[in-house]
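This report refers to the structure that appears directly beneath it.
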Amino acid sequence: MVSVAPVRLKLWKLSSRVPSALVAAPTDLRAVDPYVAQELVHGRIFLAGRILETGGLSPFLLEAPSTAFEARLHAFGWLRHVRASRSEEAGHRARMHVAEWMSLHGKRIRGVAWTPELAAQRLTSWLSHSPVILQKADTNFYRRFLKCIGLHVAYLGLIAKHVPDGEIRLKIRIALAMASISMPNSATKIARQGRKLDHEMERQILPDGGHVSRNPRVMLELLLDLLPLRQSYINLGHDVPAGLVPAIDRMFPAIRFFRHQDGDLALFNGTTATLANELASVLRYDETAGKPSRSLPDLNYHRLSVGDTVVIVDTGKPASIELSRSAHCGCLSFELSSGRYRFIVNSGFPQYASAAFKRVSRSTAAHTTVTIADRSSARISNSSLLGPVVVAGIDEIEVDRRIDEKKADILSASHDGYINLGYIHQRELELNAAGNKIRGRDWIRLIEKRQPEPAEAVCRFHVHPLIELTQEDEETVLMQAPDGTAWTFTAPARQVTIAEDVFMADASGIRPSQQIEVAFQLPETTEIRWLLEQRG
């Protein structure tokens with residue numbers, strides 16, 4: 001949480017700036033669930049996979065069933081379910097909970113409720129769903145609500161440049177730009193907030209359309225806010241910030257780059273389950289609708305695809321320590337989808353799990369790549385001061401991409417994340433012209449003039465829970481999808497085993513799955529070759 005002590009005096013002075021009215025309510029493109037509104041009427045709040053029975057009390061006075069639940073409650077994104085339900089009783093409950101929040105948290109800037117991320121999300125939610133909040137509201141409530149909106153704007157405006165670099169800072173700028181056009185403001189003030197948003201987008205949305213976090217899910221979250229903002233500028237007759245439309249147009253091809261055959265996003269660097277209707281609602285605005293590119297050079301990802309076979313590979317590292325708070329140790333990991341199913345995946349990030357599970361999800365072992373000596377290729381800080389940033393690990397990455405004489409697409413890459421053990425990991429992936437064979441080679445190079453440490457290396461292939469595995473012989477495993485699509489994994493002259501696993505990026509929570517493992521001893525064995533081949 002960002003300390004707010006230095007801004008309290010200024011905030012007190014600014015909090016007297018109460019907006020006179022609200023003139024717009026931007027659209028919310030996120031998925032809605034009528035069940036949430038129905039439960040709210042009966043005093044039950046369903047968020048982050050948990051239910052809180054209020055028993056007639058304010059949910060803000062009760063102990064939250066999880067930290068994720070508490071965050072969702074304070075963010076007020078659940079108002080969209082109420083708005084979609086069109087239920088007067090649910091609307092009354094929502095208005096009552098907003099009043100409770102203002103009484104308990106709307107006068108002092110402190111605690112979880114006022115973390116920058118939640119404050120920005122709450123401001124966006126309150127603006128977008130103000131018709132629900134203000135329906136049948138009396139004059140006193142309306143005045144209190146406007147005053148609290150003004151307090152949010154003042155607070156976020158003061159802390160925006162002090163929060164850590166990355167997604168949260170950009171979301172604050174989006175919320176402030178949205179507020180500037182949702183209330184009566186001069187053209188000068190609206191333009192000023194637009195320029196600040198432009199500046200932040202220019203920093204964070206890279207030329208290839210990716211976000212500096214390297215997390216595909218962040219791009220979807222940003223588009224869910226940026227698209228309604230763009231439309232609100234147009235509907236209200238304001239000049240659209242110069243960088244807004246170009247940034248959105250760059251992001252569409254990038255998000256398509258990470259889209260698998262089943263419509264979900266690849267699980268890299270903090271990505272979790274994606275609701276299909278949210279992704280579809282965003283892509284509905286994509287006028288480019290072009291074929292995904294072969295690479296995102298600024299983000300350092302590669303995509304090998306032929307027909308309905310797609311392989312997506314991570315060949316990068318965090319852009320900075322500050323931007324590594326959600327980065328995973330998955331360099332050289334890949335995912336494979338074929339037909340309507342994902343076959344090989346990374347474990348993904350668990351939305352509602354404990355801190356221990358979240359930390360495990362960031363380890364190299366949770367990714368489809370090679371792990372040496374049961375260590376990750378990068379080290380994540382345990383410091384409460386620094387936060388969960390990547391503090392050591394990969395320094396150099398080399399990448400080569402070519403098409404050979406048989407039209408096979410070949411990607412070769414290496415990283416030095418295990419240099420302290422005396423090793424360099426190099427991986428080569430070759431997708432043939434027909435799209436039905438993927439040849440793989442993992443080579444652990446020894447560093448010259450250095451004695452390597454003996455260690456066990458394990459090459460893991462995490463398999464999606466919908467895929468059934470069958471051991472055909474000691475070298476071969478059959479992977480079969482529910483529709484009959486099948487691929488075989490073979491590692492000649494190696495012992496291939498099926499091991500238990502967990503898939504952390506399911507919408508319903510962590511669920512059991514399986515993985516394919518090939519273990520080998522270093523430095524005696526420094527190379528393994530394997531083949532993925534479509535059957536039938």
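In the structure tokens, the first chain shown is A, the next is B, and so on; residue numbers restart at 1 for each chain, and ligands run from 1 in the order shown.
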
Per DSSP on the backbone, filter region 199-423 of chain A down to the residues in strand (DSSP E or B) and report them as a PyMOL selection string. chain A and resi 205+211+259+265+295-296+301-306+309-314+334-338+341-345+370-372+375+379-380+390-392+397-403+409-415+423

For Gly55 (chain A), please output as a list in words all residues within 12 Å (counting only C-alpha atoms; exclusion window: fewer than 5 positions along the same chain). Leu40, Val41, His42, Gly43, Arg44, Ile45, Leu61 and Leu62 of chain A

Selection file, C-alpha atoms, as a short mmCIF file (atom, residue, chain, number, x, y, z; two decimals), in the first residue's frame:
data_model
loop_
_atom_site.label_atom_id
_atom_site.label_comp_id
_atom_site.auth_asym_id
_atom_site.auth_seq_id
_atom_site.Cartn_x
_atom_site.Cartn_y
_atom_site.Cartn_z
CA LEU A 40 -27.56 -9.44 -2.39
CA VAL A 41 -31.30 -9.04 -1.85
CA HIS A 42 -31.21 -11.91 0.64
CA GLY A 43 -28.28 -10.48 2.59
CA ARG A 44 -25.67 -12.70 0.99
CA ILE A 45 -22.72 -11.22 -0.88
CA LEU A 61 -18.38 -4.25 9.74
CA LEU A 62 -17.93 -8.00 9.31
#

So which residues touch region 383-389 of chain A within 7 Å, counting only C-alpha atoms, skipping near sequence neighbours fewer than 3 positions away, as a PyMOL selection string? chain A and resi 321-322+324-325+380

Output as number ranges by chain all residues of region 292-503 of chain A that backbone DSSP marks as helix (DSSP H, G or I). A: 322-324, 355-361, 364-366, 419-421

Selection file, C-alpha atoms, as a compact mmCIF listing (two decimals), in the first residue's frame:
# COMPACT_ATOMS: atom_id res chain seq x y z
CA GLU A 322 9.55 -2.10 -10.22
CA LEU A 323 7.62 -3.74 -13.07
CA SER A 324 8.38 -7.27 -11.87
CA ALA A 355 -0.06 -16.08 -0.72
CA ALA A 356 1.88 -19.38 -0.65
CA PHE A 357 0.05 -20.72 -3.72
CA LYS A 358 0.51 -17.42 -5.53
CA ARG A 359 4.22 -17.57 -4.87
CA VAL A 360 4.44 -21.16 -6.13
CA SER A 361 2.61 -20.16 -9.31
CA THR A 364 9.91 -21.97 -12.83
CA ALA A 365 8.54 -25.39 -11.84
CA ALA A 366 5.01 -24.09 -12.48
CA ILE A 419 24.64 -19.20 -14.53
CA ASN A 420 25.38 -19.38 -10.80
CA LEU A 421 25.20 -23.18 -11.11

Which of A:Pro26, A:Pro65, A:Gly194, A:Gly49 sits closest to Arg80 (chain A) [using only C-alpha atoms]: A:Pro26

Quick one: everything within 10 Å of Thr526 (chain A), counting only C-alpha atoms, minus sequence neighbours fewer than 6 positions away in the same chain. Send it as a PDB file with N, CA and C atoms, in the first residue's frame.
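Everything below was put into selection_15.pdb:
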ATOM      1  N   TYR A 423      25.456 -23.177 -15.660  1.00  0.00           N
ATOM      2  CA  TYR A 423      24.714 -23.650 -16.825  1.00  0.00           C
ATOM      3  C   TYR A 423      23.984 -22.516 -17.556  1.00  0.00           C
ATOM      4  N   HIS A 425      20.615 -22.411 -20.203  1.00  0.00           N
ATOM      5  CA  HIS A 425      19.537 -23.214 -20.786  1.00  0.00           C
ATOM      6  C   HIS A 425      19.211 -22.696 -22.183  1.00  0.00           C
ATOM      7  N   ASP A 442      16.078 -29.382 -25.678  1.00  0.00           N
ATOM      8  CA  ASP A 442      16.535 -28.610 -24.524  1.00  0.00           C
ATOM      9  C   ASP A 442      17.980 -28.971 -24.263  1.00  0.00           C
ATOM     10  N   TRP A 443      18.823 -27.969 -24.353  1.00  0.00           N
ATOM     11  CA  TRP A 443      20.262 -28.168 -24.253  1.00  0.00           C
ATOM     12  C   TRP A 443      20.768 -27.318 -23.092  1.00  0.00           C
ATOM     13  N   ILE A 444      21.432 -27.962 -22.144  1.00  0.00           N
ATOM     14  CA  ILE A 444      22.001 -27.262 -20.999  1.00  0.00           C
ATOM     15  C   ILE A 444      23.491 -27.094 -21.250  1.00  0.00           C
ATOM     16  N   ARG A 445      23.861 -25.916 -21.686  1.00  0.00           N
ATOM     17  CA  ARG A 445      25.261 -25.656 -22.028  1.00  0.00           C
ATOM     18  C   ARG A 445      26.086 -25.410 -20.788  1.00  0.00           C
ATOM     19  N   LEU A 446      27.296 -25.925 -20.798  1.00  0.00           N
ATOM     20  CA  LEU A 446      28.229 -25.708 -19.695  1.00  0.00           C
ATOM     21  C   LEU A 446      29.009 -24.424 -19.944  1.00  0.00           C
ATOM     22  N   ALA A 457      18.008 -32.015 -13.416  1.00  0.00           N
ATOM     23  CA  ALA A 457      17.186 -31.119 -14.232  1.00  0.00           C
ATOM     24  C   ALA A 457      15.892 -31.838 -14.572  1.00  0.00           C
ATOM     25  N   PHE A 520      16.710 -35.571 -15.912  1.00  0.00           N
ATOM     26  CA  PHE A 520      18.046 -35.984 -16.334  1.00  0.00           C
ATOM     27  C   PHE A 520      19.083 -35.356 -15.410  1.00  0.00           C
TER      28      PHE A 520
END

Given only C-alpha atoms as the counted atoms, nearest of A:Gln534, A:Ser326, A:Gln261, A:Gln471 to Val390 (chain A): A:Ser326

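The shortest atom-to-atom distance to Leu429 (chain A), with only C-alpha atoms taken into account, belongs to A:His302 out of A:Arg203, A:Arg450, A:Arg192, A:His302.
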
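The shortest atom-to-atom distance to Ser232 (chain A), with only C-alpha atoms taken into account, belongs to A:Ala179 out of A:Ile372, A:Ala179, A:Asp165, A:Pro297.
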
Could you state the separation of CA of Arg108 (chain A) and CA of Phe46 (chain A) in Å, given to one decimal place?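 Atom-to-atom, CA of Arg108 (chain A) to CA of Phe46 (chain A), that is 26.9 Å.
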